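The file my_file_18.cif contains mmCIF, C-alpha atoms and all ligand atoms:
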data_target
#
loop_
_atom_site.group_PDB
_atom_site.id
_atom_site.type_symbol
_atom_site.label_atom_id
_atom_site.label_comp_id
_atom_site.auth_asym_id
_atom_site.auth_seq_id
_atom_site.Cartn_x
_atom_site.Cartn_y
_atom_site.Cartn_z
ATOM 1 C CA MET Y 239 -25.442 3.377 -10.313
ATOM 2 C CA LYS Y 240 -23.201 1.729 -7.700
ATOM 3 C CA LYS Y 241 -20.957 3.925 -5.584
ATOM 4 C CA ILE Y 242 -17.182 3.415 -5.785
ATOM 5 C CA SER Y 243 -15.442 4.041 -2.466
ATOM 6 C CA SER Y 244 -11.841 3.719 -3.618
ATOM 7 C CA ILE Y 245 -9.655 3.075 -6.632
ATOM 8 C CA SER Y 246 -6.305 1.262 -6.457
ATOM 9 C CA ILE Y 247 -4.001 2.056 -9.332
ATOM 10 C CA LEU Y 248 -1.165 -0.341 -10.123
ATOM 11 C CA THR Y 249 1.748 1.847 -11.189
ATOM 12 C CA GLY Y 250 5.371 1.372 -12.184
ATOM 13 C CA THR Y 251 7.539 -1.235 -13.797
ATOM 14 C CA GLY Y 252 7.273 -4.051 -11.269
ATOM 15 C CA GLU Y 253 10.888 -3.579 -10.211
ATOM 16 C CA CYS Y 254 11.460 -3.990 -6.461
ATOM 17 C CA GLN Y 255 14.502 -3.808 -4.164
ATOM 18 C CA ALA Y 256 13.055 -6.569 -1.971
ATOM 19 C CA ASN Y 257 12.728 -10.307 -2.501
ATOM 20 C CA CYS Y 258 9.767 -11.371 -0.375
ATOM 21 C CA LYS Y 259 9.067 -15.104 -0.408
ATOM 22 C CA LYS Y 260 5.393 -14.649 -1.190
ATOM 23 C CA CYS Y 261 5.424 -11.517 -3.320
ATOM 24 C CA SER Y 262 1.835 -10.400 -3.791
ATOM 25 C CA GLY Y 263 2.790 -8.234 -6.762
ATOM 26 C CA MET Y 264 4.449 -10.981 -8.788
ATOM 27 C CA GLN Y 265 1.149 -12.098 -10.331
ATOM 28 C CA HIS Y 266 0.727 -8.647 -11.968
ATOM 29 C CA ARG Y 267 4.267 -8.114 -13.256
ATOM 30 C CA SER Y 268 3.751 -9.633 -16.670
ATOM 31 C CA CYS Y 269 1.552 -6.686 -17.667
ATOM 32 C CA ALA Y 270 3.649 -3.948 -16.015
ATOM 33 C CA PRO Y 271 5.355 -1.499 -18.403
ATOM 34 C CA LYS Y 272 9.103 -1.744 -19.004
ATOM 35 C CA GLN Y 273 9.829 1.971 -18.575
ATOM 36 C CA ASN Y 274 9.618 4.069 -15.412
ATOM 37 C CA ASP Y 275 7.691 6.848 -17.186
ATOM 38 C CA GLU Y 276 5.186 4.638 -18.994
ATOM 39 C CA ILE Y 277 1.578 4.833 -17.864
ATOM 40 C CA ASN Y 278 -1.628 3.781 -19.569
ATOM 41 C CA GLU Y 279 -3.184 7.261 -19.715
ATOM 42 C CA ASP Y 280 -6.383 6.224 -21.479
ATOM 43 C CA ALA Y 281 -7.124 3.512 -18.935
ATOM 44 C CA LEU Y 282 -6.259 5.881 -16.097
ATOM 45 C CA ARG Y 283 -8.660 8.553 -17.381
ATOM 46 C CA ARG Y 284 -11.371 5.925 -17.911
ATOM 47 C CA VAL Y 285 -11.152 4.679 -14.328
ATOM 48 C CA LEU Y 286 -10.863 8.182 -12.848
ATOM 49 C CA THR Y 287 -13.927 9.333 -14.767
ATOM 50 C CA LEU Y 288 -15.827 6.289 -13.560
ATOM 51 C CA GLY Y 289 -14.762 7.015 -9.970
ATOM 52 C CA ALA Y 290 -15.631 10.708 -10.262
ATOM 53 C CA GLU Y 291 -19.117 9.853 -11.565
ATOM 54 C CA ARG Y 292 -19.696 7.459 -8.666
ATOM 55 C CA GLY Y 293 -18.636 9.555 -5.740
ATOM 56 C CA CYS Y 294 -15.156 8.089 -5.212
ATOM 57 C CA LYS Y 295 -12.857 10.272 -3.087
ATOM 58 C CA LYS Y 296 -9.971 7.897 -2.392
ATOM 59 C CA ILE Y 297 -7.118 6.698 -4.581
ATOM 60 C CA SER Y 298 -4.334 4.281 -3.629
ATOM 61 C CA ILE Y 299 -1.204 4.182 -5.746
ATOM 62 C CA THR Y 300 0.360 0.760 -5.521
ATOM 63 C CA GLY Y 301 2.191 -1.607 -7.838
ATOM 64 C CA SER Y 302 3.334 -5.042 -8.805
ATOM 65 C CA GLY Y 303 6.735 -3.948 -7.494
ATOM 66 C CA GLU Y 304 7.855 -0.921 -5.491
ATOM 67 C CA PRO Y 305 6.061 2.122 -6.955
ATOM 68 C CA MET Y 306 8.686 4.590 -5.684
ATOM 69 C CA LEU Y 307 11.197 3.010 -8.069
ATOM 70 C CA SER Y 308 9.071 4.462 -10.877
ATOM 71 C CA PRO Y 309 8.826 8.077 -9.687
ATOM 72 C CA LYS Y 310 7.995 9.456 -13.130
ATOM 73 C CA ALA Y 311 4.943 7.216 -13.397
ATOM 74 C CA ILE Y 312 3.761 8.445 -9.981
ATOM 75 C CA SER Y 313 4.335 12.090 -10.933
ATOM 76 C CA GLN Y 314 2.438 11.649 -14.219
ATOM 77 C CA THR Y 315 -0.442 9.857 -12.488
ATOM 78 C CA LEU Y 316 -0.726 12.599 -9.848
ATOM 79 C CA SER Y 317 -0.529 15.302 -12.444
ATOM 80 C CA ILE Y 318 -3.436 13.830 -14.461
ATOM 81 C CA ILE Y 319 -5.520 13.499 -11.281
ATOM 82 C CA LYS Y 320 -4.779 17.072 -10.231
ATOM 83 C CA GLU Y 321 -5.136 18.790 -13.566
ATOM 84 C CA GLU Y 322 -8.034 16.889 -15.061
ATOM 85 C CA TYR Y 323 -10.068 16.034 -11.942
ATOM 86 C CA PRO Y 324 -9.463 19.073 -9.709
ATOM 87 C CA GLY Y 325 -10.933 18.755 -6.230
ATOM 88 C CA VAL Y 326 -12.519 15.361 -6.947
ATOM 89 C CA PHE Y 327 -10.195 12.966 -5.080
ATOM 90 C CA LYS Y 328 -9.472 14.178 -1.546
ATOM 91 C CA ASP Y 329 -7.444 11.247 -0.307
ATOM 92 C CA ILE Y 330 -4.531 10.048 -2.484
ATOM 93 C CA VAL Y 331 -2.071 7.669 -0.843
ATOM 94 C CA ILE Y 332 0.911 5.633 -1.946
ATOM 95 C CA TYR Y 333 1.834 2.159 -0.670
ATOM 96 C CA THR Y 334 5.575 1.555 -0.350
ATOM 97 C CA ASN Y 335 8.027 -0.900 1.202
ATOM 98 C CA GLY Y 336 9.678 2.151 2.806
ATOM 99 C CA ILE Y 337 13.197 1.330 1.601
ATOM 100 C CA LYS Y 338 13.558 4.449 -0.520
ATOM 101 C CA LEU Y 339 12.278 6.625 2.309
ATOM 102 C CA GLY Y 340 14.632 5.410 4.986
ATOM 103 C CA ASN Y 341 18.151 5.707 3.638
ATOM 104 C CA THR Y 342 20.174 8.830 4.260
ATOM 105 C CA ILE Y 343 22.420 8.233 1.275
ATOM 106 C CA ASN Y 344 19.944 6.676 -1.035
ATOM 107 C CA PRO Y 345 21.248 4.387 -3.777
ATOM 108 C CA TRP Y 346 17.923 4.788 -5.560
ATOM 109 C CA GLY Y 347 17.783 8.593 -5.123
ATOM 110 C CA ASP Y 348 15.381 10.484 -2.921
ATOM 111 C CA PRO Y 349 11.760 10.214 -3.970
ATOM 112 C CA PRO Y 350 10.336 13.626 -5.006
ATOM 113 C CA ILE Y 351 7.873 13.392 -2.182
ATOM 114 C CA GLY Y 352 7.526 17.145 -1.599
ATOM 115 C CA TYR Y 353 6.553 17.577 -5.221
ATOM 116 C CA TRP Y 354 4.090 14.691 -4.929
ATOM 117 C CA GLN Y 355 2.464 16.354 -1.958
ATOM 118 C CA GLU Y 356 2.041 19.546 -3.979
ATOM 119 C CA ALA Y 357 0.590 17.436 -6.761
ATOM 120 C CA GLY Y 358 -2.065 16.084 -4.425
ATOM 121 C CA LEU Y 359 -0.552 13.171 -2.489
ATOM 122 C CA THR Y 360 -2.057 13.061 1.005
ATOM 123 C CA GLY Y 361 -0.535 9.959 2.573
ATOM 124 C CA VAL Y 362 2.281 7.399 2.614
ATOM 125 C CA TYR Y 363 1.549 3.848 3.797
ATOM 126 C CA ILE Y 364 4.643 1.824 4.681
ATOM 127 C CA SER Y 365 4.468 -1.963 4.611
ATOM 128 C CA ILE Y 366 6.534 -3.731 7.271
ATOM 129 C CA ARG Y 367 6.904 -7.163 8.866
ATOM 130 C CA ASP Y 368 8.257 -6.171 12.252
ATOM 131 C CA ILE Y 369 9.549 -3.217 14.220
ATOM 132 C CA ASP Y 370 12.972 -4.872 14.439
ATOM 133 C CA ILE Y 371 15.045 -3.870 11.403
ATOM 134 C CA ALA Y 372 16.906 -7.203 11.207
ATOM 135 C CA LYS Y 373 13.587 -9.038 11.067
ATOM 136 C CA ASN Y 374 12.257 -6.601 8.500
ATOM 137 C CA ALA Y 375 15.349 -7.262 6.391
ATOM 138 C CA LYS Y 376 14.736 -11.006 6.678
ATOM 139 C CA GLY Y 377 11.057 -10.656 5.798
ATOM 140 C CA PHE Y 378 11.901 -8.576 2.732
ATOM 141 C CA GLY Y 379 14.685 -10.987 1.703
ATOM 142 C CA LEU Y 380 17.378 -8.331 2.149
ATOM 143 C CA ASP Y 381 20.648 -7.924 4.063
ATOM 144 C CA LYS Y 382 19.519 -4.593 5.461
ATOM 145 C CA TYR Y 383 16.312 -2.681 5.963
ATOM 146 C CA PRO Y 384 16.348 0.989 7.053
ATOM 147 C CA SER Y 385 15.464 2.109 10.549
ATOM 148 C CA LEU Y 386 11.779 2.871 11.050
ATOM 149 C CA ILE Y 387 12.821 5.922 13.077
ATOM 150 C CA MET Y 388 14.643 7.256 10.014
ATOM 151 C CA ILE Y 389 11.698 6.496 7.717
ATOM 152 C CA ALA Y 390 9.255 8.273 10.021
ATOM 153 C CA ASP Y 391 11.607 11.183 10.574
ATOM 154 C CA ASN Y 392 12.169 11.612 6.838
ATOM 155 C CA ILE Y 393 8.440 11.645 6.162
ATOM 156 C CA LYS Y 394 7.610 13.958 9.032
ATOM 157 C CA ASN Y 395 10.637 16.279 8.843
ATOM 158 C CA ARG Y 396 13.284 15.825 6.161
ATOM 159 C CA TYR Y 397 11.342 16.621 3.048
ATOM 160 C CA GLY Y 398 10.368 20.085 4.270
ATOM 161 C CA GLY Y 399 7.680 19.695 6.896
ATOM 162 C CA LEU Y 400 5.274 17.537 4.966
ATOM 163 C CA LYS Y 401 1.711 17.096 6.089
ATOM 164 C CA LEU Y 402 1.336 13.573 4.779
ATOM 165 C CA ASP Y 403 -0.663 10.981 6.628
ATOM 166 C CA MET Y 404 1.889 8.332 7.652
ATOM 167 C CA LYS Y 405 0.514 4.872 8.246
ATOM 168 C CA PHE Y 406 2.252 1.564 8.790
ATOM 169 C CA CYS Y 407 0.849 -1.612 7.235
ATOM 170 C CA VAL Y 408 1.949 -4.617 9.255
ATOM 171 C CA THR Y 409 1.806 -8.137 7.873
ATOM 172 C CA LEU Y 410 1.387 -10.518 10.805
ATOM 173 C CA GLN Y 411 3.532 -13.591 10.326
ATOM 174 C CA ARG Y 412 4.897 -16.480 12.401
ATOM 175 C CA GLY Y 413 8.398 -15.704 13.647
ATOM 176 C CA TYR Y 414 7.728 -11.957 13.420
ATOM 177 C CA ILE Y 415 4.786 -10.252 15.193
ATOM 178 C CA ASP Y 416 2.894 -13.405 16.062
ATOM 179 C CA THR Y 417 1.755 -13.119 19.701
ATOM 180 C CA LEU Y 418 -0.395 -10.670 21.623
ATOM 181 C CA GLU Y 419 2.607 -9.562 23.667
ATOM 182 C CA LYS Y 420 4.736 -8.728 20.612
ATOM 183 C CA PHE Y 421 1.726 -7.101 18.977
ATOM 184 C CA ILE Y 422 1.068 -4.721 21.872
ATOM 185 C CA PHE Y 423 4.742 -3.772 22.006
ATOM 186 C CA ALA Y 424 4.868 -3.159 18.240
ATOM 187 C CA MET Y 425 1.706 -1.033 18.219
ATOM 188 C CA GLY Y 426 3.099 1.099 21.059
ATOM 189 C CA TYR Y 427 6.384 1.505 19.172
ATOM 190 C CA LEU Y 428 4.681 2.588 15.933
ATOM 191 C CA ASN Y 429 2.448 4.975 17.833
ATOM 192 C CA GLY Y 430 5.611 6.485 19.338
ATOM 193 C CA LEU Y 431 6.830 7.194 15.784
ATOM 194 C CA ARG Y 432 3.775 9.447 15.364
ATOM 195 C CA ALA Y 433 2.010 7.068 13.003
ATOM 196 C CA ASP Y 434 -1.347 8.500 11.937
ATOM 197 C CA GLY Y 435 -2.744 4.994 11.807
ATOM 198 C CA ILE Y 436 -1.770 1.329 11.557
ATOM 199 C CA ASN Y 437 -3.258 -1.317 9.262
ATOM 200 C CA VAL Y 438 -2.670 -4.956 10.149
ATOM 201 C CA TRP Y 439 -3.509 -8.170 8.368
ATOM 202 C CA PRO Y 440 -2.322 -11.783 8.425
ATOM 203 C CA MET Y 441 0.206 -13.122 5.913
ATOM 204 C CA LYS Y 442 -1.661 -14.051 2.735
ATOM 205 C CA ASN Y 443 -1.119 -16.498 -0.084
ATOM 206 C CA ILE Y 444 -0.919 -15.233 -3.653
ATOM 207 C CA ASP Y 445 -4.661 -15.860 -4.046
ATOM 208 C CA ASP Y 446 -5.518 -13.655 -1.018
ATOM 209 C CA THR Y 447 -6.345 -16.546 1.311
ATOM 210 C CA VAL Y 448 -4.752 -16.538 4.772
ATOM 211 C CA SER Y 449 -1.386 -18.301 4.696
ATOM 212 C CA ASP Y 450 -0.194 -21.072 7.026
ATOM 213 C CA ASP Y 451 2.597 -18.623 7.885
ATOM 214 C CA ALA Y 452 0.070 -16.317 9.600
ATOM 215 C CA PRO Y 453 0.085 -16.368 13.437
ATOM 216 C CA PRO Y 454 -2.024 -19.056 15.159
ATOM 217 C CA GLU Y 455 -5.745 -18.307 15.176
ATOM 218 C CA LEU Y 456 -5.875 -17.886 18.948
ATOM 219 C CA GLN Y 457 -3.206 -15.166 18.834
ATOM 220 C CA MET Y 458 -4.972 -13.450 15.938
ATOM 221 C CA ASP Y 459 -8.210 -13.421 17.952
ATOM 222 C CA LEU Y 460 -6.435 -11.999 21.005
ATOM 223 C CA MET Y 461 -4.835 -9.262 18.920
ATOM 224 C CA HIS Y 462 -8.133 -8.412 17.279
ATOM 225 C CA GLU Y 463 -9.875 -8.213 20.629
ATOM 226 C CA TRP Y 464 -7.123 -5.955 21.961
ATOM 227 C CA VAL Y 465 -7.556 -3.639 18.962
ATOM 228 C CA THR Y 466 -11.286 -3.250 19.630
ATOM 229 C CA ARG Y 467 -10.514 -2.355 23.252
ATOM 230 C CA ASN Y 468 -7.877 0.229 22.250
ATOM 231 C CA PRO Y 469 -9.391 2.549 19.634
ATOM 232 C CA ASP Y 470 -6.895 5.341 20.425
ATOM 233 C CA TYR Y 471 -4.220 3.452 18.480
ATOM 234 C CA LYS Y 472 -6.205 3.931 15.227
ATOM 235 C CA ILE Y 473 -5.591 0.355 14.093
ATOM 236 C CA ARG Y 474 -7.529 -1.259 11.242
ATOM 237 C CA PHE Y 475 -7.475 -5.000 11.751
ATOM 238 C CA LEU Y 476 -8.151 -6.795 8.477
ATOM 239 C CA ASP Y 477 -8.255 -10.499 9.236
ATOM 240 C CA GLY Y 478 -9.787 -13.375 7.336
ATOM 241 C CA ASP Y 479 -9.756 -13.984 3.595
ATOM 242 C CA ASN Y 480 -10.587 -11.025 1.410
ATOM 243 C CA VAL Y 481 -14.128 -10.956 0.201
ATOM 244 C CA PRO Y 482 -15.065 -9.306 -3.093
ATOM 245 C CA GLN Y 483 -15.959 -5.685 -2.514
ATOM 246 C CA SER Y 484 -17.649 -4.262 -5.525
ATOM 247 C CA ASP Y 485 -17.417 -0.706 -4.174
ATOM 248 C CA LYS Y 486 -13.610 -0.833 -4.448
ATOM 249 C CA ILE Y 487 -11.932 -1.180 -7.796
ATOM 250 C CA LEU Y 488 -8.422 -1.806 -9.071
ATOM 251 C CA LEU Y 489 -6.864 -0.681 -12.318
ATOM 252 C CA TYR Y 490 -4.557 -3.454 -13.533
ATOM 253 C CA GLN Y 491 -1.687 -2.447 -15.767
ATOM 254 C CA ASP Y 492 -3.150 -3.806 -18.974
ATOM 255 C CA GLY Y 493 -6.019 -1.315 -18.585
ATOM 256 C CA GLU Y 494 -8.601 -3.778 -17.250
ATOM 257 C CA ILE Y 495 -10.390 -3.246 -13.951
ATOM 258 C CA GLY Y 496 -11.410 -5.631 -11.184
ATOM 259 C CA ASN Y 497 -12.380 -5.625 -7.531
ATOM 260 C CA MET Y 498 -9.873 -8.135 -6.126
ATOM 261 C CA TRP Y 499 -6.104 -8.048 -5.915
ATOM 262 C CA HIS Y 500 -6.077 -11.675 -7.075
ATOM 263 C CA ARG Y 501 -7.464 -11.118 -10.512
ATOM 264 C CA GLU Y 502 -9.028 -14.527 -10.973
ATOM 265 C CA LYS Y 503 -11.297 -13.848 -8.007
ATOM 266 C CA SER Y 504 -12.544 -10.535 -9.306
ATOM 267 C CA THR Y 505 -16.285 -10.387 -9.862
ATOM 268 C CA ILE Y 506 -16.249 -7.316 -12.068
ATOM 269 C CA ASN Y 507 -14.535 -6.140 -15.211
ATOM 270 C CA LEU Y 508 -15.069 -3.325 -17.678
ATOM 271 C CA GLU Y 509 -18.018 -5.113 -19.304
ATOM 272 C CA ASN Y 510 -20.117 -5.635 -16.184
ATOM 273 C CA ILE Y 511 -19.149 -2.587 -14.098
ATOM 274 C CA ASN Y 512 -22.574 -1.087 -14.773
ATOM 275 C CA GLU Y 513 -24.513 -4.110 -13.561
HETATM 276 S S1 LIG Q 1 8.121 -5.431 -1.203
HETATM 277 FE FE1 LIG Q 1 6.130 -5.924 -2.162
HETATM 278 S S2 LIG Q 1 6.554 -5.945 -4.376
HETATM 279 FE FE2 LIG Q 1 8.534 -6.025 -3.329
HETATM 280 S S3 LIG Q 1 9.033 -8.223 -3.241
HETATM 281 FE FE3 LIG Q 1 7.982 -7.659 -1.317
HETATM 282 S S4 LIG Q 1 5.786 -8.097 -1.689
HETATM 283 FE FE4 LIG Q 1 6.832 -8.041 -3.682
#

Can you give me the file's structure in the form of structure tokens?
Amino acid sequence: MKKISSISILTGTGECQANCKKCSGMQHRSCAPKQNDEINEDALRRVLTLGAERGCKKISITGSGEPMLSPKAISQTLSIIKEEYPGVFKDIVIYTNGIKLGNTINPWGDPPIGYWQEAGLTGVYISIRDIDIAKNAKGFGLDKYPSLIMIADNIKNRYGGLKLDMKFCVTLQRGYIDTLEKFIFAMGYLNGLRADGINVWPMKNIDDTVSDDAPPELQMDLMHEWVTRNPDYKIRFLDGDNVPQSDKILLYQDGEIGNMWHREKSTINLENINE
């Protein structure tokens, strides 16, 4: 029986505050539920049982839109994991665009992040384009994006001394962080915000291939080399096109599973998971 190292669960309605030009979630929105509290419980239990049987310890909560705009779906998902699979999944993280975490007066309401931590959440991964808020706003297709200092401070302090792992996920893109010099500065800045780790990858097309908007290859190589020489920054550098990884699975919102974000490239589904 093959081991499963992590499960990504697409959660929420697909609604998002941002308008990114190449939205990676768009391809999954047609099968997202319409209501904030709607989750496919049977499919969730099926995939969690499969993961539990195959030694999986890590779960990522993500979405075809911004998952924090569907807080009830997140709470329900966490509650099923905690109550029905106690002690099985040690590492449960949520991917977010950070917008709901960074506003002091939040038009979307504060996320119940303290409750989520009690329900088993162990980390928050914030996707960004730059450390400059004006550039982040541009990258997300918005007029404004909150300050990263505020986001980090809210995660580390505001919600009652949380112990969540805070990581930044940086999409490298021309016109944003696209040279070694800007990269080193940005990594130092994020480290100064007490990030517990930083994931970086080049801008991708909808089908997971590296986009022409990614930084030039030479700069990518220089950045990658710098990362290997600076392990203290805890950076995961994920360059190149994604390759199928059969030890990682995704639960799409129609209840099917796969091993690639771009569904057409997936090499597994429910029928052949045992092969
Ligand atoms: S933040 Fe994510 S889901 Fe929202 S528009 Fe951008 S890529 Fe799409």

When the PyMOL selection byres (((chain Y and resi 309) around 10) and not hetatm) is applied to the file above, which residues end up in the set, as a tab-separated table (two decimals) with C-alpha atoms, keeping the file's coordinate frame?
chain	number	residue	atom	x	y	z
Y	249	THR	CA	1.75	1.85	-11.19
Y	250	GLY	CA	5.37	1.37	-12.18
Y	274	ASN	CA	9.62	4.07	-15.41
Y	275	ASP	CA	7.69	6.85	-17.19
Y	304	GLU	CA	7.86	-0.92	-5.49
Y	305	PRO	CA	6.06	2.12	-6.96
Y	306	MET	CA	8.69	4.59	-5.68
Y	307	LEU	CA	11.20	3.01	-8.07
Y	308	SER	CA	9.07	4.46	-10.88
Y	310	LYS	CA	8.00	9.46	-13.13
Y	311	ALA	CA	4.94	7.22	-13.40
Y	312	ILE	CA	3.76	8.44	-9.98
Y	313	SER	CA	4.34	12.09	-10.93
Y	314	GLN	CA	2.44	11.65	-14.22
Y	315	THR	CA	-0.44	9.86	-12.49
Y	348	ASP	CA	15.38	10.48	-2.92
Y	349	PRO	CA	11.76	10.21	-3.97
Y	350	PRO	CA	10.34	13.63	-5.01
Y	351	ILE	CA	7.87	13.39	-2.18
Y	354	TRP	CA	4.09	14.69	-4.93

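Proximity to Glu494 in chain Y at 9 Å, evaluated using only C-alpha atoms and with sequence-adjacent residues fewer than 6 positions away removed, yields Ala281, Leu488, Asn507 and Leu508 of chain Y.
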
Which residues of range 257-308 of chain Y sit at most 12 Å from range 407-422 of chain Y, using only C-alpha atoms? Give each one's shortest atom pair and distance in Å (one decimal place), in chain and ascending residue order, as JSON lines.
{"residue": "Y:Cys258", "atom": "CA", "partner": "Y:Thr409", "partner_atom": "CA", "distance": 11.9}
{"residue": "Y:Lys260", "atom": "CA", "partner": "Y:Gln411", "partner_atom": "CA", "distance": 11.7}
{"residue": "Y:Ser262", "atom": "CA", "partner": "Y:Thr409", "partner_atom": "CA", "distance": 11.9}

*asked:* as a list of chain:residue names, please: the residues near Ser268 in chain Y (cut-off 10 Å, all atoms listed in the file, same-chain neighbours under 2 positions excluded).
replied: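 So the residues in contact are Y:Thr251, Y:Gly252, Y:Met264, Y:Gln265, Y:His266, Y:Ala270, Y:Pro271, Y:Lys272, Y:Ser302, Y:Gln491, Y:Asp492.
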
*asked:* Taking 5 positions as the minimum chain separation for residues in the same chain, which residues sit within 9 Å of Gly358 in chain Y when counting only C-alpha atoms? Answer as a ChimeraX atom specification.
replied: /Y:316-317,319-320,327-330,353

Mind dumping the selected residues with C-alpha atoms as a PDB file, in the coordinates of the input?
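Generated file (again-v3.pdb):
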ATOM      1  CA  LEU Y 316      -0.726  12.599  -9.848  1.00  0.00           C
ATOM      2  CA  SER Y 317      -0.529  15.302 -12.444  1.00  0.00           C
ATOM      3  CA  ILE Y 319      -5.520  13.499 -11.281  1.00  0.00           C
ATOM      4  CA  LYS Y 320      -4.779  17.072 -10.231  1.00  0.00           C
ATOM      5  CA  PHE Y 327     -10.195  12.966  -5.080  1.00  0.00           C
ATOM      6  CA  LYS Y 328      -9.472  14.178  -1.546  1.00  0.00           C
ATOM      7  CA  ASP Y 329      -7.444  11.247  -0.307  1.00  0.00           C
ATOM      8  CA  ILE Y 330      -4.531  10.048  -2.484  1.00  0.00           C
ATOM      9  CA  TYR Y 353       6.553  17.577  -5.221  1.00  0.00           C
TER      10      TYR Y 353
END

*Nearest to Asp434 in chain Y: which of Y:Leu456, Y:Leu359, Y:Leu402, Y:Ile389 is it, counting all atoms listed in the file?*
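Closest residue, counting all atoms listed in the file: Y:Leu402.
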
*Give me the residues within 12 Å of Phe475 in chain Y as a PyMOL selection string, counting all atoms listed in the file and dropping any in the same chain fewer than 3 places off.*
chain Y and resi 407-410+421+425+435-440+458-466+468-469+471-472+478

*Reference answer for the PyMOL selection byres (((not hetatm)) within 9 of (chain Q and resi 1)), as a VMD selection string*: chain Y and resid 252 to 264 301 to 305 334 to 337 365 to 366 377 to 379

Please dump the current selection as a tab-separated table (two decimals), keeping the file's coordinate frame; keep C-alpha atoms.
chain	number	residue	atom	x	y	z
Y	252	GLY	CA	7.27	-4.05	-11.27
Y	253	GLU	CA	10.89	-3.58	-10.21
Y	254	CYS	CA	11.46	-3.99	-6.46
Y	255	GLN	CA	14.50	-3.81	-4.16
Y	256	ALA	CA	13.06	-6.57	-1.97
Y	257	ASN	CA	12.73	-10.31	-2.50
Y	258	CYS	CA	9.77	-11.37	-0.38
Y	259	LYS	CA	9.07	-15.10	-0.41
Y	260	LYS	CA	5.39	-14.65	-1.19
Y	261	CYS	CA	5.42	-11.52	-3.32
Y	262	SER	CA	1.84	-10.40	-3.79
Y	263	GLY	CA	2.79	-8.23	-6.76
Y	264	MET	CA	4.45	-10.98	-8.79
Y	301	GLY	CA	2.19	-1.61	-7.84
Y	302	SER	CA	3.33	-5.04	-8.80
Y	303	GLY	CA	6.74	-3.95	-7.49
Y	304	GLU	CA	7.86	-0.92	-5.49
Y	305	PRO	CA	6.06	2.12	-6.96
Y	334	THR	CA	5.58	1.56	-0.35
Y	335	ASN	CA	8.03	-0.90	1.20
Y	336	GLY	CA	9.68	2.15	2.81
Y	337	ILE	CA	13.20	1.33	1.60
Y	365	SER	CA	4.47	-1.96	4.61
Y	366	ILE	CA	6.53	-3.73	7.27
Y	377	GLY	CA	11.06	-10.66	5.80
Y	378	PHE	CA	11.90	-8.58	2.73
Y	379	GLY	CA	14.68	-10.99	1.70

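CA of Trp499 in chain Y is found 23.2 Å from CA of Asp368 in chain Y.
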